>>> print(open('coords-v4.pdb').read())   # PDB, C-alpha atoms
ATOM      1  CA  CYS A 575      -7.755   1.088   6.085
ATOM      2  CA  ALA A 576     -11.317   2.360   6.506
ATOM      3  CA  PHE A 577     -11.426   3.337   2.840
ATOM      4  CA  LEU A 578     -10.546  -0.163   1.672
ATOM      5  CA  GLU A 579     -12.943  -1.715   4.172
ATOM      6  CA  GLY A 580     -15.812   0.305   2.658
ATOM      7  CA  ALA A 581     -14.652   0.353  -0.969
ATOM      8  CA  GLY A 582     -17.072  -2.384  -2.032
ATOM      9  CA  ALA A 583     -19.985   0.032  -1.606
ATOM     10  CA  LEU A 584     -18.473   2.575  -4.031
ATOM     11  CA  THR A 585     -18.643   2.808  -7.797
ATOM     12  CA  LEU A 586     -15.532   1.765  -9.703
ATOM     13  CA  ARG A 587     -14.643   5.411 -10.415
ATOM     14  CA  GLU A 588     -15.062   6.303  -6.730
ATOM     15  CA  ARG A 589     -12.839   3.364  -5.780
ATOM     16  CA  LEU A 590     -10.154   4.420  -8.250
ATOM     17  CA  LEU A 591     -10.240   8.059  -7.114
ATOM     18  CA  GLY A 592     -10.329   7.169  -3.438
ATOM     19  CA  ALA A 593      -7.511   4.649  -3.711
ATOM     20  CA  ARG A 594      -5.352   7.164  -5.578
ATOM     21  CA  ASP A 595      -6.015   9.967  -3.104
ATOM     22  CA  HIS A 596      -5.543   7.826  -0.004
ATOM     23  CA  LEU A 597      -2.357   6.187  -1.307
ATOM     24  CA  ALA A 598      -0.810   9.535  -2.263
ATOM     25  CA  ALA A 599      -1.548  11.030   1.167
ATOM     26  CA  LEU A 600      -0.391   7.879   2.923
ATOM     27  CA  TYR A 601       2.877   7.769   0.995
ATOM     28  CA  LEU A 602       3.596  11.399   1.840
ATOM     29  CA  ALA A 603       2.777  10.813   5.522
ATOM     30  CA  ALA A 604       5.047   7.753   5.651
ATOM     31  CA  CYS A 605       7.925   9.818   4.280
ATOM     32  CA  SER A 606       7.594  12.017   7.373
ATOM     33  CA  LEU A 607       7.670   9.198   9.925
ATOM     34  CA  PRO A 608      10.663   9.439  12.239
ATOM     35  CA  GLU A 609      13.288   6.762  11.978
ATOM     36  CA  GLY A 610      13.345   4.517  14.989
ATOM     37  CA  ASP A 611      15.645   1.953  16.461
ATOM     38  CA  ALA A 612      14.438  -1.628  16.311
ATOM     39  CA  ALA A 613      16.331  -2.317  19.524
ATOM     40  CA  ASP A 614      13.830  -0.088  21.333
ATOM     41  CA  VAL A 615      10.827  -2.004  19.990
ATOM     42  CA  GLU A 616       9.465  -5.378  20.942
ATOM     43  CA  ALA A 617       7.269  -6.739  18.141
ATOM     44  CA  THR A 618       3.972  -8.219  19.237
ATOM     45  CA  GLY A 619       3.907 -10.852  16.494
ATOM     46  CA  ARG A 620       0.168 -10.707  15.852
ATOM     47  CA  GLY A 621      -1.404 -13.279  13.545
ATOM     48  CA  PRO A 622      -2.507 -13.038   9.923
ATOM     49  CA  ILE A 623      -4.688 -10.157   8.793
ATOM     50  CA  SER A 624      -7.456 -10.682   6.260
ATOM     51  CA  THR A 625      -7.847  -8.091   3.547
ATOM     52  CA  PRO A 626     -11.188  -6.665   2.470
ATOM     53  CA  GLY A 627     -11.833  -7.216  -1.214
ATOM     54  CA  ALA A 628     -12.911  -4.680  -3.796
ATOM     55  CA  ASP A 629     -13.637  -5.103  -7.475
ATOM     56  CA  TRP A 630     -11.207  -3.118  -9.631
ATOM     57  CA  GLY A 631     -12.889  -4.265 -12.837
ATOM     58  CA  GLN A 632     -10.820  -4.080 -15.992
ATOM     59  CA  PHE A 633      -8.115  -2.220 -14.037
ATOM     60  CA  GLU A 634      -7.302  -5.097 -11.654
ATOM     61  CA  GLN A 635      -4.232  -6.266 -13.562
ATOM     62  CA  TYR A 636      -1.550  -4.014 -15.028
ATOM     63  CA  TRP A 637       2.015  -4.270 -16.342
ATOM     64  CA  GLU A 638       5.142  -2.994 -14.614
ATOM     65  CA  VAL A 639       8.865  -3.448 -14.154
ATOM     66  CA  PHE A 640      10.145  -3.942 -10.611
ATOM     67  CA  ASP A 641      13.348  -1.952 -10.882
ATOM     68  CA  PRO A 642      13.294   1.087 -13.175
ATOM     69  CA  TYR A 643      17.102   1.036 -13.253
ATOM     70  CA  GLU A 644      17.272  -2.454 -14.726
ATOM     71  CA  GLN A 645      16.155  -3.415 -18.215
ATOM     72  CA  GLU A 646      13.641  -6.158 -17.522
ATOM     73  CA  GLU A 647      10.607  -7.658 -19.131
ATOM     74  CA  PRO A 648       7.361  -6.307 -17.665
ATOM     75  CA  VAL A 649       5.476  -8.451 -15.190
ATOM     76  CA  ALA A 650       1.817  -8.449 -14.192
ATOM     77  CA  GLY A 651       0.814  -6.367 -11.195
ATOM     78  CA  SER A 652      -2.466  -6.410  -9.305
ATOM     79  CA  LEU A 653      -4.308  -3.548  -7.628
ATOM     80  CA  SER A 654      -5.861  -5.986  -5.156
ATOM     81  CA  ASP A 655      -2.450  -7.358  -4.238
ATOM     82  CA  ASP A 656      -0.851  -3.914  -3.927
ATOM     83  CA  LEU A 657      -3.655  -2.430  -1.855
ATOM     84  CA  GLY A 658      -3.936  -5.576   0.234
ATOM     85  CA  ASP A 659      -0.236  -5.492   1.096
ATOM     86  CA  VAL A 660      -0.433  -1.825   2.091
ATOM     87  CA  TYR A 661      -3.548  -2.563   4.159
ATOM     88  CA  ARG A 662      -1.992  -5.505   6.010
ATOM     89  CA  ASP A 663       1.200  -3.611   6.849
ATOM     90  CA  LEU A 664      -0.798  -0.656   8.149
ATOM     91  CA  LYS A 665      -3.035  -2.917  10.210
ATOM     92  CA  ARG A 666       0.048  -4.542  11.737
ATOM     93  CA  GLY A 667       1.150  -1.089  12.841
ATOM     94  CA  PHE A 668      -2.241  -0.447  14.410
ATOM     95  CA  ALA A 669      -1.946  -3.745  16.287
ATOM     96  CA  GLU A 670       1.487  -2.634  17.508
ATOM     97  CA  LEU A 671      -0.006   0.687  18.585
ATOM     98  CA  GLU A 672      -2.691  -1.064  20.599
ATOM     99  CA  HIS A 673      -0.494  -3.725  22.183
ATOM    100  CA  ALA A 674       3.025  -2.305  22.339
ATOM    101  CA  GLY A 675       2.634   1.460  22.078
ATOM    102  CA  GLU A 676       3.362   4.361  19.786
ATOM    103  CA  GLN A 677       7.080   3.727  19.253
ATOM    104  CA  ALA A 678       6.416   0.153  18.149
ATOM    105  CA  ALA A 679       3.723   1.299  15.719
ATOM    106  CA  ILE A 680       5.891   4.036  14.240
ATOM    107  CA  TRP A 681       8.803   1.641  13.820
ATOM    108  CA  SER A 682       6.522  -0.950  12.177
ATOM    109  CA  TRP A 683       4.988   1.550   9.770
ATOM    110  CA  ARG A 684       8.355   3.060   8.817
ATOM    111  CA  PHE A 685      10.178  -0.267   8.458
ATOM    112  CA  HIS A 686       7.453  -1.913   6.373
ATOM    113  CA  PHE A 687       7.067   1.251   4.279
ATOM    114  CA  GLU A 688      10.749   1.152   3.374
ATOM    115  CA  VAL A 689      11.023  -2.579   2.701
ATOM    116  CA  HIS A 690       7.573  -3.517   1.448
ATOM    117  CA  TRP A 691       4.443  -1.442   1.149
ATOM    118  CA  GLY A 692       6.064   1.737  -0.196
ATOM    119  CA  ALA A 693       6.833  -0.030  -3.474
ATOM    120  CA  HIS A 694       3.312  -1.462  -3.631
ATOM    121  CA  ALA A 695       1.866   2.009  -3.076
ATOM    122  CA  ILE A 696       3.958   3.520  -5.867
ATOM    123  CA  ASP A 697       3.133   0.675  -8.264
ATOM    124  CA  ALA A 698      -0.575   1.062  -7.522
ATOM    125  CA  LEU A 699      -0.433   4.860  -7.878
ATOM    126  CA  ARG A 700       1.009   4.605 -11.368
ATOM    127  CA  ALA A 701      -1.645   2.076 -12.369
ATOM    128  CA  LEU A 702      -4.424   4.147 -10.775
ATOM    129  CA  HIS A 703      -3.246   7.255 -12.603
ATOM    130  CA  ARG A 704      -3.496   5.432 -15.932
ATOM    131  CA  ALA A 705      -6.796   3.772 -14.988
ATOM    132  CA  LEU A 706      -8.397   7.119 -14.219
ATOM    133  CA  ALA A 707      -7.167   8.545 -17.535
ATOM    134  CA  ARG A 708      -8.691   5.587 -19.360
ATOM    135  CA  ALA A 709     -11.928   5.638 -17.348
ATOM    136  CA  GLY A 710     -12.475   9.286 -18.262
TER
END
>>> encode(input="coords-v4.pdb", output="structure tokens")
Amino acid sequence: CAFLEGAGALTLRERLLGARDHLAALYLAACSLPEGDAADVEATGRGPISTPGADWGQFEQYWEVFDPYEQEEPVAGSLSDDLGDVYRDLKRGFAELEHAGEQAAIWSWRFHFEVHWGAHAIDALRALHRALARAG
């Protein structure tokens, strides 16, 4: 979260490298989160979370398919959207940590990783990998 909050002060190459490195580490860490039981967690239901913006230049939009096991036409993806969704889901977990405790935060991070932000992270990683190859 801190990386994205300060990304506007970095060069485009630094943003691309930082986003790639942070997303890869974050994805790996999320894979190690313990599975929890939603029955043990009371969600705090915090309000909307604003996302810090960063300029991804010519790499903002990319093409992808949602399901690699289905033959589909590619659709446009967005680094800002992907990173923003990851950011908001992580921030929700931090709000849970602060207001409802560690178990609630872990459950939130794991659940949202599996159903939402994990896919955004992977989509962004593929795009970032290509962007860095193109940026040289």
>>> atom_distance(input="coords-v4.pdb", atom1="CA of Leu706 (chain A)", atom2="CA of His596 (chain A)")
14.5 Å
>>> closest_residue(input="coords-v4.pdb", among="A:Leu586, A:Arg708, A:Arg684, A:Ala701", to="Ala650 (chain A)", atoms="all atoms listed in the file")
A:Ala701
>>> resolve_selection(input="coords-v4.pdb", expression="the PyMOL selection byres ((chain A and resi 631) around 12)", output="ChimeraX atom specification")
/A:582,585-587,589-590,628-630,632-636,652-654,705,709
>>> resolve_selection(input="coords-v4.pdb", expression="the PyMOL selection byres ((chain A and resi 624) around 10)", output="JSON, numbers by chain")
{"A": [621, 622, 623, 625, 626, 627, 658, 661, 662, 665]}
>>> residues_near_point(input="coords-v4.pdb", point="(9.5, 8.3, 19.0)", cutoff="7 Å", atoms="all atoms listed in the file", output="count of residues only")
3
>>> atom_distance(input="coords-v4.pdb", atom1="CA of Ala581 (chain A)", atom2="CA of Ala593 (chain A)")
8.8 Å
>>> closest_residue(input="coords-v4.pdb", among="A:Glu588, A:Asp656, A:Asp641, A:Ser606", to="Leu699 (chain A)", atoms="all atoms listed in the file")
A:Asp656
>>> closest_residue(input="coords-v4.pdb", among="A:Leu602, A:Leu657, A:Ala693, A:Leu607", to="Phe577 (chain A)", atoms="all atoms listed in the file")
A:Leu657
>>> atom_distance(input="coords-v4.pdb", atom1="CA of Val660 (chain A)", atom2="CA of Ala598 (chain A)")
12.2 Å
>>> closest_residue(input="coords-v4.pdb", among="A:Glu579, A:Glu688, A:Asp595, A:Asp697", to="Val649 (chain A)", atoms="only C-alpha atoms")
A:Asp697
>>> resolve_selection(input="coords-v4.pdb", expression="the PyMOL selection byres ((chain A and resi 679) around 9)", output="MDAnalysis selection string")
chainID A and resid 615 666:672 674:678 680:684
>>> axis_aligned_box(input="coords-v4.pdb", around="region 692-700 of chain A", padding_each_side="3 Å", output="AutoDock Vina command-line options")
--center_x 3.1 --center_y 1.7 --center_z -5.8 --size_x 13.4 --size_y 12.3 --size_z 17.2
